[in-house]
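Student: Provided herewith: final_39.txt, compact mmCIF, C-alpha atoms and all ligand atoms.
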```txt
# COMPACT_ATOMS: atom_id res chain seq x y z
CA MET A 1 -63.49 -14.07 21.34
CA SER A 2 -59.81 -14.89 21.52
CA ALA A 3 -57.30 -12.22 20.50
CA PRO A 4 -55.68 -12.60 17.08
CA ARG A 5 -52.13 -13.92 17.08
CA LEU A 6 -50.30 -10.77 16.13
CA VAL A 7 -46.95 -12.35 15.51
CA PRO A 8 -45.10 -11.41 12.37
CA GLY A 9 -45.60 -14.24 9.95
CA GLY A 10 -48.50 -15.57 12.05
CA ARG A 11 -52.23 -15.35 11.53
CA GLY A 12 -53.48 -11.79 11.79
CA TRP A 13 -50.20 -10.14 10.84
CA ALA A 14 -50.43 -10.15 7.06
CA SER A 15 -51.01 -6.64 5.78
CA GLY A 16 -54.28 -6.08 4.02
CA GLY A 17 -56.10 -3.22 2.37
CA ALA A 18 -58.29 -0.53 3.82
CA SER A 19 -61.66 -1.39 5.38
CA GLY A 20 -65.20 -0.04 5.46
CA PRO A 21 -66.01 2.26 2.55
CA PHE A 22 -62.28 2.64 1.81
CA THR A 23 -60.02 1.01 -0.75
CA MET A 24 -56.28 1.38 -0.41
CA ASP A 25 -54.68 3.37 -3.26
CA ALA A 26 -53.57 1.00 -6.00
CA ASP A 27 -50.00 2.35 -6.05
CA TRP A 28 -49.69 2.26 -2.25
CA MET A 29 -47.60 -0.51 -0.76
CA PRO A 30 -48.82 -2.21 2.44
CA PHE A 31 -46.37 -2.72 5.30
CA HIS A 32 -43.87 -5.58 5.31
CA PRO A 33 -45.70 -8.84 6.13
CA HIS A 34 -42.72 -10.65 7.71
CA PRO A 35 -40.16 -8.21 9.12
CA SER A 36 -36.87 -9.73 10.29
CA LYS A 37 -35.62 -9.74 13.85
CA PRO A 38 -33.06 -7.00 14.43
CA THR A 39 -29.54 -8.40 14.67
CA TRP A 40 -28.81 -6.35 17.81
CA THR A 41 -30.67 -5.81 21.07
CA LEU A 42 -32.16 -2.37 21.62
CA PRO A 43 -31.33 -0.63 24.91
CA PRO A 44 -33.92 -1.20 27.68
CA GLY A 45 -36.71 1.36 27.41
CA ALA A 46 -36.21 2.10 23.69
CA VAL A 47 -38.89 4.29 22.09
CA ASP A 48 -40.09 4.06 18.48
CA ALA A 49 -40.56 7.83 18.24
CA HIS A 50 -42.14 8.07 14.80
CA CYS A 51 -44.91 5.68 13.77
CA HIS A 52 -48.57 5.85 12.84
CA VAL A 53 -51.91 4.10 13.25
CA PHE A 54 -54.30 4.11 10.31
CA GLY A 55 -57.95 3.35 10.96
CA PRO A 56 -59.12 0.67 10.70
CA GLY A 57 -61.21 2.67 8.24
CA ALA A 58 -64.42 0.85 9.16
CA ARG A 59 -64.12 2.24 12.72
CA PHE A 60 -62.06 5.40 12.26
CA PRO A 61 -62.87 6.80 8.80
CA TYR A 62 -60.15 8.44 6.73
CA ALA A 63 -60.50 12.20 6.28
CA PRO A 64 -62.51 13.46 3.29
CA GLU A 65 -59.72 15.93 2.42
CA ARG A 66 -56.96 13.24 2.43
CA LYS A 67 -54.53 12.97 -0.47
CA TYR A 68 -54.14 9.19 -0.16
CA THR A 69 -56.02 6.20 1.24
CA PRO A 70 -53.64 3.97 3.20
CA CYS A 71 -53.86 0.35 4.24
CA ASP A 72 -55.37 -0.15 7.67
CA ALA A 73 -52.62 -0.23 10.30
CA SER A 74 -54.16 -0.92 13.68
CA LYS A 75 -52.88 -0.29 17.18
CA GLU A 76 -52.77 -4.08 17.74
CA HIS A 77 -50.37 -4.44 14.84
CA LEU A 78 -48.28 -1.59 16.17
CA TRP A 79 -48.03 -3.11 19.66
CA ALA A 80 -47.09 -6.48 18.14
CA LEU A 81 -44.36 -4.86 16.05
CA ARG A 82 -43.11 -2.91 19.09
CA ASP A 83 -42.70 -6.13 21.07
CA TYR A 84 -41.24 -8.08 18.16
CA LEU A 85 -38.56 -5.47 17.40
CA GLY A 86 -37.71 -4.93 21.08
CA PHE A 87 -39.10 -1.45 21.71
CA GLU A 88 -40.85 -0.54 24.98
CA ARG A 89 -42.80 2.49 23.83
CA ASN A 90 -44.18 4.34 20.82
CA VAL A 91 -44.75 7.92 19.78
CA ILE A 92 -47.68 7.88 17.37
CA VAL A 93 -47.78 10.76 14.92
CA GLN A 94 -51.04 11.85 13.35
CA ALA A 95 -50.79 11.37 9.58
CA THR A 96 -52.53 13.48 6.97
CA CYS A 97 -54.90 10.69 5.89
CA HIS A 98 -56.77 11.25 9.19
CA GLY A 99 -56.69 15.06 8.88
CA ALA A 100 -57.47 16.72 12.22
CA ASP A 101 -59.65 13.82 13.35
CA ASN A 102 -57.49 12.39 16.12
CA ARG A 103 -59.87 9.61 17.23
CA ALA A 104 -57.75 6.68 16.02
CA LEU A 105 -54.69 8.23 17.66
CA VAL A 106 -56.50 8.87 20.97
CA ASP A 107 -57.98 5.37 20.97
CA ALA A 108 -54.49 3.90 20.56
CA LEU A 109 -53.00 6.13 23.27
CA ARG A 110 -55.77 5.27 25.73
CA SER A 111 -55.27 1.55 25.26
CA SER A 112 -51.47 1.66 25.48
CA ASN A 113 -51.18 1.47 29.29
CA GLY A 114 -49.05 4.60 29.21
CA ARG A 115 -46.63 3.08 26.70
CA ALA A 116 -47.55 5.45 23.88
CA ARG A 117 -47.59 9.21 23.50
CA GLY A 118 -48.97 11.15 20.56
CA VAL A 119 -48.56 14.07 18.22
CA ALA A 120 -51.92 15.37 16.99
CA THR A 121 -53.17 17.62 14.24
CA VAL A 122 -55.50 20.39 15.33
CA THR A 123 -57.22 23.29 13.60
CA ALA A 124 -57.56 26.91 14.75
CA ASP A 125 -61.01 26.29 16.23
CA VAL A 126 -59.81 23.62 18.70
CA THR A 127 -61.15 24.44 22.17
CA ASP A 128 -59.12 24.53 25.38
CA ARG A 129 -61.19 21.64 26.63
CA GLN A 130 -60.32 19.54 23.56
CA LEU A 131 -56.65 20.35 24.05
CA ARG A 132 -56.88 19.26 27.69
CA GLU A 133 -58.55 15.99 26.64
CA LEU A 134 -55.82 15.32 24.10
CA ASP A 135 -53.23 16.05 26.78
CA GLU A 136 -54.90 13.64 29.20
CA ALA A 137 -54.87 10.94 26.50
CA GLY A 138 -51.10 11.38 26.09
CA VAL A 139 -50.71 13.91 23.28
CA ARG A 140 -47.58 16.02 23.73
CA GLY A 141 -47.32 17.88 20.43
CA VAL A 142 -48.99 19.13 17.26
CA ARG A 143 -47.79 18.52 13.75
CA PHE A 144 -47.60 21.14 10.99
CA ASN A 145 -47.20 19.69 7.53
CA PHE A 146 -45.83 21.77 4.66
CA VAL A 147 -45.37 18.92 2.16
CA LYS A 148 -47.55 19.98 -0.77
CA ARG A 149 -48.31 16.47 -2.03
CA LEU A 150 -49.83 15.69 1.41
CA VAL A 151 -51.82 18.74 2.49
CA ASP A 152 -53.37 22.00 1.38
CA THR A 153 -51.61 25.07 2.74
CA THR A 154 -52.57 26.43 6.15
CA PRO A 155 -51.65 30.12 6.66
CA ARG A 156 -48.62 30.57 8.90
CA ASP A 157 -50.40 32.94 11.26
CA VAL A 158 -52.96 30.20 11.95
CA LEU A 159 -50.15 27.72 12.74
CA ALA A 160 -48.34 30.28 14.90
CA ALA A 161 -51.56 30.89 16.85
CA ILE A 162 -51.92 27.12 17.44
CA ALA A 163 -48.30 26.96 18.65
CA ARG A 164 -49.00 29.77 21.14
CA ARG A 165 -52.06 27.86 22.40
CA VAL A 166 -50.17 24.59 23.03
CA ALA A 167 -47.00 26.17 24.50
CA PRO A 168 -48.52 26.48 28.02
CA LEU A 169 -49.28 22.73 27.94
CA ASP A 170 -45.54 22.16 27.46
CA TRP A 171 -46.23 20.56 24.08
CA HIS A 172 -43.92 20.87 21.13
CA VAL A 173 -44.44 21.35 17.40
CA VAL A 174 -43.44 18.71 14.84
CA ILE A 175 -42.76 20.11 11.37
CA TYR A 176 -42.61 18.23 8.09
CA PHE A 177 -41.19 20.01 5.03
CA GLU A 178 -39.00 19.49 1.97
CA ALA A 179 -35.38 20.72 2.09
CA ALA A 180 -35.99 23.35 -0.59
CA ASP A 181 -38.58 25.02 1.64
CA LEU A 182 -36.25 25.68 4.57
CA VAL A 183 -35.08 29.09 3.30
CA GLU A 184 -38.62 30.34 3.23
CA LEU A 185 -39.65 28.64 6.49
CA HIS A 186 -36.59 29.65 8.51
CA ASP A 187 -37.99 32.76 10.21
CA PHE A 188 -41.30 31.07 10.96
CA LEU A 189 -39.54 28.12 12.61
CA ALA A 190 -37.15 30.37 14.52
CA ALA A 191 -40.04 32.36 16.01
CA LEU A 192 -42.06 29.39 17.33
CA PRO A 193 -42.42 29.50 21.14
CA THR A 194 -41.98 25.74 21.69
CA VAL A 195 -39.51 22.97 21.05
CA VAL A 196 -39.59 22.33 17.29
CA VAL A 197 -39.01 18.76 16.06
CA ILE A 198 -38.25 18.43 12.36
CA ASP A 199 -39.25 15.24 10.59
CA HIS A 200 -36.71 13.18 8.63
CA MET A 201 -33.81 15.71 8.88
CA GLY A 202 -35.78 18.19 6.76
CA ARG A 203 -35.69 15.73 3.84
CA PRO A 204 -32.17 16.48 2.47
CA ASP A 205 -31.21 15.68 -1.09
CA VAL A 206 -28.63 13.00 -0.22
CA THR A 207 -26.99 13.21 -3.65
CA GLN A 208 -25.56 16.53 -2.44
CA ALA A 209 -22.55 16.69 -0.12
CA VAL A 210 -23.22 16.14 3.56
CA ASP A 211 -21.22 19.34 4.20
CA GLY A 212 -22.69 21.12 1.18
CA PRO A 213 -24.82 24.28 1.36
CA GLU A 214 -28.20 22.57 1.59
CA PHE A 215 -27.51 20.38 4.62
CA ASP A 216 -25.26 23.05 6.19
CA ARG A 217 -28.31 25.31 6.24
CA PHE A 218 -30.21 22.69 8.23
CA VAL A 219 -27.29 22.14 10.63
CA ARG A 220 -26.99 25.91 11.15
CA LEU A 221 -30.67 26.08 12.07
CA MET A 222 -30.09 23.49 14.81
CA ARG A 223 -26.88 25.20 15.96
CA GLU A 224 -28.43 28.63 16.20
CA HIS A 225 -31.73 27.52 17.75
CA THR A 226 -31.28 25.12 20.63
CA ASN A 227 -35.04 24.45 20.76
CA VAL A 228 -34.83 22.72 17.35
CA TRP A 229 -34.63 18.91 17.33
CA SER A 230 -34.49 16.49 14.39
CA LYS A 231 -35.77 13.02 13.72
CA VAL A 232 -32.95 11.12 12.01
CA THR A 233 -35.59 8.90 10.45
CA CYS A 234 -36.73 7.53 7.11
CA PRO A 235 -33.58 6.55 5.20
CA ASP A 236 -35.99 4.62 2.98
CA ARG A 237 -37.64 7.88 1.85
CA LEU A 238 -34.38 9.76 1.29
CA SER A 239 -32.03 7.15 -0.15
CA LYS A 240 -31.11 6.90 -3.80
CA SER A 241 -28.78 3.94 -3.20
CA GLY A 242 -31.72 2.04 -1.72
CA PRO A 243 -32.36 -0.88 0.63
CA PRO A 244 -31.33 -2.67 2.69
CA HIS A 245 -28.45 -0.43 3.85
CA TYR A 246 -29.40 3.05 2.65
CA ASP A 247 -25.67 3.87 2.66
CA ASP A 248 -26.06 7.32 1.16
CA VAL A 249 -28.23 8.56 4.05
CA VAL A 250 -25.90 7.38 6.84
CA PRO A 251 -23.48 10.39 6.77
CA PHE A 252 -26.38 12.85 7.07
CA ALA A 253 -27.95 11.15 10.08
CA ARG A 254 -24.56 10.55 11.67
CA ARG A 255 -23.62 14.22 11.37
CA LEU A 256 -26.72 15.21 13.36
CA VAL A 257 -26.32 12.45 15.96
CA GLU A 258 -22.72 13.49 16.56
CA GLU A 259 -23.28 17.22 16.72
CA PHE A 260 -26.65 17.23 18.51
CA PRO A 261 -26.74 13.99 20.54
CA GLU A 262 -29.35 15.38 22.94
CA ARG A 263 -31.76 16.66 20.28
CA VAL A 264 -32.26 13.69 17.95
CA LEU A 265 -35.04 11.09 17.83
CA TRP A 266 -35.50 7.88 15.87
CA GLY A 267 -38.51 5.82 14.81
CA THR A 268 -39.52 3.20 12.29
CA ASP A 269 -42.19 5.27 10.47
CA TRP A 270 -44.35 2.10 10.40
CA PRO A 271 -46.51 1.49 8.37
CA HIS A 272 -44.48 3.67 5.98
CA PRO A 273 -47.14 5.72 4.20
CA ASN A 274 -46.84 6.55 0.52
CA LEU A 275 -43.94 4.31 -0.39
CA LYS A 276 -44.28 3.23 -3.98
CA THR A 277 -41.02 1.56 -4.96
CA HIS A 278 -40.03 -0.60 -2.00
CA MET A 279 -41.32 -1.39 1.47
CA PRO A 280 -38.66 -1.45 4.18
CA ASP A 281 -38.18 -4.47 6.39
CA ASP A 282 -38.62 -2.97 9.87
CA GLY A 283 -35.99 -5.28 11.41
CA ARG A 284 -33.41 -4.11 8.85
CA LEU A 285 -34.38 -0.51 9.63
CA VAL A 286 -33.56 -1.13 13.30
CA ASP A 287 -30.21 -2.53 12.13
CA TYR A 288 -29.55 0.87 10.53
CA VAL A 289 -29.49 2.60 13.95
CA PRO A 290 -25.99 1.48 15.10
CA ARG A 291 -24.58 2.83 11.84
CA ILE A 292 -25.83 6.35 12.59
CA ALA A 293 -25.40 6.21 16.40
CA THR A 294 -22.13 4.40 16.74
CA THR A 295 -21.65 4.35 20.54
CA ASN A 296 -23.79 3.01 23.39
CA LEU A 297 -24.00 6.56 24.75
CA GLN A 298 -25.37 7.92 21.46
CA ARG A 299 -27.84 5.05 21.11
CA GLY A 300 -29.07 5.49 24.69
CA ARG A 301 -29.75 9.17 24.08
CA LEU A 302 -31.32 8.66 20.66
CA LEU A 303 -33.62 5.80 21.60
CA VAL A 304 -34.31 6.29 25.32
CA GLU A 305 -33.24 9.51 27.05
CA ASN A 306 -34.26 12.04 24.39
CA PRO A 307 -37.76 10.67 23.68
CA MET A 308 -38.38 10.10 27.40
CA ARG A 309 -37.45 13.72 28.15
CA LEU A 310 -39.70 15.08 25.41
CA TYR A 311 -42.71 12.79 25.78
CA TRP A 312 -42.81 11.24 29.25
CA ASP A 313 -40.85 13.26 31.84
CA ARG A 314 -42.79 16.34 32.75
C1 LIG B 401 -44.29 10.21 7.23
C2 LIG B 401 -44.21 10.60 5.83
C3 LIG B 401 -45.20 10.81 4.93
C4 LIG B 401 -46.58 10.94 5.22
C5 LIG B 401 -47.11 11.60 6.26
O1 LIG B 401 -48.83 12.56 7.44
C6 LIG B 401 -48.54 11.91 6.44
O2 LIG B 401 -49.36 11.56 5.60
O3 LIG B 401 -46.34 12.05 7.21
C7 LIG B 401 -44.79 10.96 3.53
O4 LIG B 401 -45.61 10.69 2.64
O5 LIG B 401 -43.63 11.36 3.26
O6 LIG B 401 -43.55 10.70 8.07
O7 LIG B 401 -45.11 9.40 7.59
```
Write the structure described by the file as structure tokens, please.
Ligand code: 0GY
Tutor:
Amino acid sequence: MSAPRLVPGGRGWASGGASGPFTMDADWMPFHPHPSKPTWTLPPGAVDAHCHVFGPGARFPYAPERKYTPCDASKEHLWALRDYLGFERNVIVQATCHGADNRALVDALRSSNGRARGVATVTADVTDRQLRELDEAGVRGVRFNFVKRLVDTTPRDVLAAIARRVAPLDWHVVIYFEAADLVELHDFLAALPTVVVIDHMGRPDVTQAVDGPEFDRFVRLMREHTNVWSKVTCPDRLSKSGPPHYDDVVPFARRLVEEFPERVLWGTDWPHPNLKTHMPDDGRLVDYVPRIATTNLQRGRLLVENPMRLYWDR
């Protein structure tokens, strides 16, 4: 059987629904069917450090406890998008719709020829052997999700125990939370024994001032704890001014890139789970990067050196 032509706009690219016993949520938008080409050339070795694979559901079922059913978003689509946009590598982050069943993630990592690394979700009963297998497949971190619309709460002592288990593997912890939760989470984050990577700048309210109390609190966390990194991702989720430029998010991301150039990461977030009002054009999202990382040095660190240090060099 010949491989499908996974070229944006070509046969096999068009985004569909979920497969097997699954039907994509009616209010869930599938990924952009014809993303544009970025208008600039990414630095050699660029890493898309936040993206997902979903299913396909017929082969890798979605978790019974999930809060949404996504569209299928296969590894083949992800590799095609990687090549089309000009990335060399991916960091695939386990999303809540797969719960702690990392099979789709591991399958993608194993077939990536070393060009993808992963962040998994594990539960307290994970065995050392399972952790070693995940490590061999290319997993380098675990994700803790505190966003209430996505997951039921896991007690902090359980999460802290998982962090202690993965620290000797030289893994890190990726944390997803809403800005309002930072006050309460601060001491938990500060006590984690690993590098801590925070998704989407801790989801600031971008209608507030970039040097206002809310975002200052986040910046202080990064200043005071040099093991804390941030993804300067997802303007599409944070913006009130909207696509294609997401102008209101730029100052927030730029502040972090300028102050912490060696602790920031960027990724597309493809296939953009849970977006209900607009679906970003992935090429236009790549065009957003030079607006938040304005020099070649910053872009090299953001897209190549930082993700390579965290996910490949060890
Ligand atoms: C993201 C954002 C979201 C979803 C998830 O794991 C997930 O389901 O992370 C979201 O809905 O904000 O980073 O993919």
Student: Which residue out of A:Arg284, A:His32, A:Arg263, A:Arg115 has the minimum interatomic distance to Leu303 (chain A) when only C-alpha atoms are used?
Tutor: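 Using only C-alpha atoms, the shortest distance to Leu303 (chain A) belongs to A:Arg263.
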Student: Could you list the protein, DNA and RNA residues that have any atom within 10 Å of ligand LIG 401 (chain B), counting only C-alpha atoms and all ligand atoms, and write them as an MDAnalysis selection string?
Tutor: chainID A and resid 50:52 66:70 93:99 121 143:145 147 149:151 175:178 199:200 203 231 233:234 237:238 267:275
Student: In terms of the shortest atom-to-atom distance over all atoms listed in the file, which of A:Thr39, A:Gln130, A:Ser112, A:Thr277 is closest to Gly242 (chain A)?
Tutor: A:Thr277
Student: Calculated over only C-alpha atoms, which of the candidates A:Pro35, A:Met24, A:Gly45, A:Val197 has the smallest distance to Ala80 (chain A)?
Tutor: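 Under the stated criterion, the closest residue is A:Pro35.
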Student: Tell me, in Å to one decimal, how far CA of Glu65 (chain A) is from CA of Leu169 (chain A).
Tutor: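 Calculated distance between CA of Glu65 (chain A) and CA of Leu169 (chain A) is 28.4 Å.
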Student: Would you mind reading off the distance between CA of Ala120 (chain A) and CA of Val158 (chain A), one decimal, in Å?
Tutor: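 Taking CA of Ala120 (chain A) and CA of Val158 (chain A), their separation equals 15.7 Å.
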Student: Give me, please, the distance in Å between CA of Arg291 (chain A) and CA of Val119 (chain A), quoted to one decimal.
Tutor: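 These two atoms are separated by 27.2 Å.
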Student: Phe252 (chain A): which residues within 12 Å, counting only C-alpha atoms, same-chain residues fewer than 3 positions away excluded, as a VMD selection string?
Tutor: chain A and resid 200 to 212 214 to 216 218 to 219 230 to 235 238 to 239 246 to 249 255 to 259 291 to 293
Student: Can you pull out the residues contacting Arg164 (chain A)? Cut-off 12 Å, using only C-alpha atoms, and skip same-chain residues under 6 positions away; I want them as an mmCIF file with C-alpha atoms, in the frame of the given file.
Tutor:
```cif
data_model
loop_
_atom_site.group_PDB
_atom_site.id
_atom_site.type_symbol
_atom_site.label_atom_id
_atom_site.label_comp_id
_atom_site.auth_asym_id
_atom_site.auth_seq_id
_atom_site.Cartn_x
_atom_site.Cartn_y
_atom_site.Cartn_z
ATOM 1 C CA ALA A 124 -57.560 26.910 14.750
ATOM 2 C CA VAL A 142 -48.990 19.130 17.260
ATOM 3 C CA ASP A 157 -50.400 32.940 11.260
ATOM 4 C CA VAL A 158 -52.960 30.200 11.950
ATOM 5 C CA ASP A 170 -45.540 22.160 27.460
ATOM 6 C CA TRP A 171 -46.230 20.560 24.080
ATOM 7 C CA HIS A 172 -43.920 20.870 21.130
ATOM 8 C CA VAL A 173 -44.440 21.350 17.400
ATOM 9 C CA ALA A 191 -40.040 32.360 16.010
ATOM 10 C CA LEU A 192 -42.060 29.390 17.330
ATOM 11 C CA PRO A 193 -42.420 29.500 21.140
ATOM 12 C CA THR A 194 -41.980 25.740 21.690
ATOM 13 C CA VAL A 195 -39.510 22.970 21.050
#
```
Student: Find the spatial neighbours of Trp40 (chain A), counting all atoms listed in the file, within a cut-off of 9 Å - ignore same-chain residues fewer than 2 positions away - and output them as a list of chain:residue names.
Tutor: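 In the requested form, the answer reads A:Lys37, A:Pro38, A:Leu42, A:Val286, A:Asp287, A:Pro290.
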Student: Supply region 149-159 of chain A as a PDB file, in the frame of the given file, with all heavy atoms built in where the input has gaps.
Tutor:
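Saved to part-v4.pdb:
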```pdb
ATOM      1  N   ARG A 149     -47.599  17.635  -1.512  1.00  0.00           N
ATOM      2  CA  ARG A 149     -48.310  16.470  -2.030  1.00  0.00           C
ATOM      3  C   ARG A 149     -49.228  15.860  -0.953  1.00  0.00           C
ATOM      4  O   ARG A 149     -50.055  15.010  -1.239  1.00  0.00           O
ATOM      5  CB  ARG A 149     -47.331  15.427  -2.563  1.00  0.00           C
ATOM      6  CG  ARG A 149     -46.541  14.722  -1.516  1.00  0.00           C
ATOM      7  CD  ARG A 149     -45.492  13.767  -2.050  1.00  0.00           C
ATOM      8  NE  ARG A 149     -44.453  13.595  -1.059  1.00  0.00           N
ATOM      9  CZ  ARG A 149     -44.526  12.789  -0.018  1.00  0.00           C
ATOM     10  NH1 ARG A 149     -45.594  12.056   0.176  1.00  0.00           N
ATOM     11  NH2 ARG A 149     -43.537  12.706   0.842  1.00  0.00           N
ATOM     12  N   LEU A 150     -49.063  16.298   0.329  1.00  0.00           N
ATOM     13  CA  LEU A 150     -49.830  15.690   1.410  1.00  0.00           C
ATOM     14  C   LEU A 150     -50.975  16.552   1.930  1.00  0.00           C
ATOM     15  O   LEU A 150     -51.971  16.031   2.434  1.00  0.00           O
ATOM     16  CB  LEU A 150     -48.905  15.366   2.598  1.00  0.00           C
ATOM     17  CG  LEU A 150     -47.870  14.273   2.372  1.00  0.00           C
ATOM     18  CD1 LEU A 150     -46.917  14.180   3.556  1.00  0.00           C
ATOM     19  CD2 LEU A 150     -48.544  12.923   2.143  1.00  0.00           C
ATOM     20  N   VAL A 151     -50.810  17.862   1.872  1.00  0.00           N
ATOM     21  CA  VAL A 151     -51.820  18.740   2.490  1.00  0.00           C
ATOM     22  C   VAL A 151     -51.988  20.030   1.700  1.00  0.00           C
ATOM     23  O   VAL A 151     -51.072  20.478   1.008  1.00  0.00           O
ATOM     24  CB  VAL A 151     -51.428  19.176   3.929  1.00  0.00           C
ATOM     25  CG1 VAL A 151     -51.712  18.108   4.947  1.00  0.00           C
ATOM     26  CG2 VAL A 151     -50.005  19.660   3.990  1.00  0.00           C
ATOM     27  N   ASP A 152     -53.176  20.647   1.883  1.00  0.00           N
ATOM     28  CA  ASP A 152     -53.370  22.000   1.380  1.00  0.00           C
ATOM     29  C   ASP A 152     -52.733  22.962   2.379  1.00  0.00           C
ATOM     30  O   ASP A 152     -52.635  22.656   3.568  1.00  0.00           O
ATOM     31  CB  ASP A 152     -54.870  22.295   1.228  1.00  0.00           C
ATOM     32  CG  ASP A 152     -55.507  21.349   0.198  1.00  0.00           C
ATOM     33  OD1 ASP A 152     -54.811  20.999  -0.775  1.00  0.00           O
ATOM     34  OD2 ASP A 152     -56.671  20.950   0.401  1.00  0.00           O
ATOM     35  N   THR A 153     -52.339  24.123   1.884  1.00  0.00           N
ATOM     36  CA  THR A 153     -51.610  25.070   2.740  1.00  0.00           C
ATOM     37  C   THR A 153     -52.487  25.625   3.854  1.00  0.00           C
ATOM     38  O   THR A 153     -53.642  25.977   3.616  1.00  0.00           O
ATOM     39  CB  THR A 153     -51.132  26.260   1.871  1.00  0.00           C
ATOM     40  OG1 THR A 153     -50.563  25.713   0.692  1.00  0.00           O
ATOM     41  CG2 THR A 153     -50.130  27.126   2.590  1.00  0.00           C
ATOM     42  N   THR A 154     -51.929  25.705   5.054  1.00  0.00           N
ATOM     43  CA  THR A 154     -52.570  26.430   6.150  1.00  0.00           C
ATOM     44  C   THR A 154     -51.751  27.699   6.368  1.00  0.00           C
ATOM     45  O   THR A 154     -50.521  27.631   6.444  1.00  0.00           O
ATOM     46  CB  THR A 154     -52.538  25.606   7.460  1.00  0.00           C
ATOM     47  OG1 THR A 154     -53.118  24.337   7.208  1.00  0.00           O
ATOM     48  CG2 THR A 154     -53.292  26.299   8.579  1.00  0.00           C
ATOM     49  N   PRO A 155     -52.420  28.878   6.485  1.00  0.00           N
ATOM     50  CA  PRO A 155     -51.650  30.120   6.660  1.00  0.00           C
ATOM     51  C   PRO A 155     -50.754  30.048   7.896  1.00  0.00           C
ATOM     52  O   PRO A 155     -51.134  29.494   8.921  1.00  0.00           O
ATOM     53  CB  PRO A 155     -52.735  31.189   6.815  1.00  0.00           C
ATOM     54  CG  PRO A 155     -53.963  30.591   6.222  1.00  0.00           C
ATOM     55  CD  PRO A 155     -53.861  29.107   6.403  1.00  0.00           C
ATOM     56  N   ARG A 156     -49.594  30.632   7.792  1.00  0.00           N
ATOM     57  CA  ARG A 156     -48.620  30.570   8.900  1.00  0.00           C
ATOM     58  C   ARG A 156     -49.146  31.217  10.169  1.00  0.00           C
ATOM     59  O   ARG A 156     -48.812  30.777  11.272  1.00  0.00           O
ATOM     60  CB  ARG A 156     -47.336  31.288   8.504  1.00  0.00           C
ATOM     61  CG  ARG A 156     -46.766  30.768   7.234  1.00  0.00           C
ATOM     62  CD  ARG A 156     -45.406  30.187   7.421  1.00  0.00           C
ATOM     63  NE  ARG A 156     -45.041  29.638   6.134  1.00  0.00           N
ATOM     64  CZ  ARG A 156     -44.143  30.171   5.322  1.00  0.00           C
ATOM     65  NH1 ARG A 156     -43.456  31.231   5.704  1.00  0.00           N
ATOM     66  NH2 ARG A 156     -43.887  29.638   4.163  1.00  0.00           N
ATOM     67  N   ASP A 157     -49.924  32.295  10.027  1.00  0.00           N
ATOM     68  CA  ASP A 157     -50.400  32.940  11.260  1.00  0.00           C
ATOM     69  C   ASP A 157     -51.347  32.025  12.021  1.00  0.00           C
ATOM     70  O   ASP A 157     -51.394  32.040  13.250  1.00  0.00           O
ATOM     71  CB  ASP A 157     -51.028  34.321  10.974  1.00  0.00           C
ATOM     72  CG  ASP A 157     -52.157  34.245   9.968  1.00  0.00           C
ATOM     73  OD1 ASP A 157     -52.159  33.315   9.137  1.00  0.00           O
ATOM     74  OD2 ASP A 157     -53.054  35.116   9.996  1.00  0.00           O
ATOM     75  N   VAL A 158     -52.074  31.167  11.282  1.00  0.00           N
ATOM     76  CA  VAL A 158     -52.960  30.200  11.950  1.00  0.00           C
ATOM     77  C   VAL A 158     -52.106  29.187  12.719  1.00  0.00           C
ATOM     78  O   VAL A 158     -52.372  28.862  13.878  1.00  0.00           O
ATOM     79  CB  VAL A 158     -53.853  29.480  10.905  1.00  0.00           C
ATOM     80  CG1 VAL A 158     -54.627  28.337  11.541  1.00  0.00           C
ATOM     81  CG2 VAL A 158     -54.793  30.477  10.246  1.00  0.00           C
ATOM     82  N   LEU A 159     -51.028  28.699  12.076  1.00  0.00           N
ATOM     83  CA  LEU A 159     -50.150  27.720  12.740  1.00  0.00           C
ATOM     84  C   LEU A 159     -49.459  28.356  13.941  1.00  0.00           C
ATOM     85  O   LEU A 159     -49.354  27.734  15.010  1.00  0.00           O
ATOM     86  CB  LEU A 159     -49.123  27.187  11.743  1.00  0.00           C
ATOM     87  CG  LEU A 159     -49.701  26.444  10.534  1.00  0.00           C
ATOM     88  CD1 LEU A 159     -48.584  25.993   9.599  1.00  0.00           C
ATOM     89  CD2 LEU A 159     -50.525  25.240  10.968  1.00  0.00           C
TER      90      LEU A 159
END
```
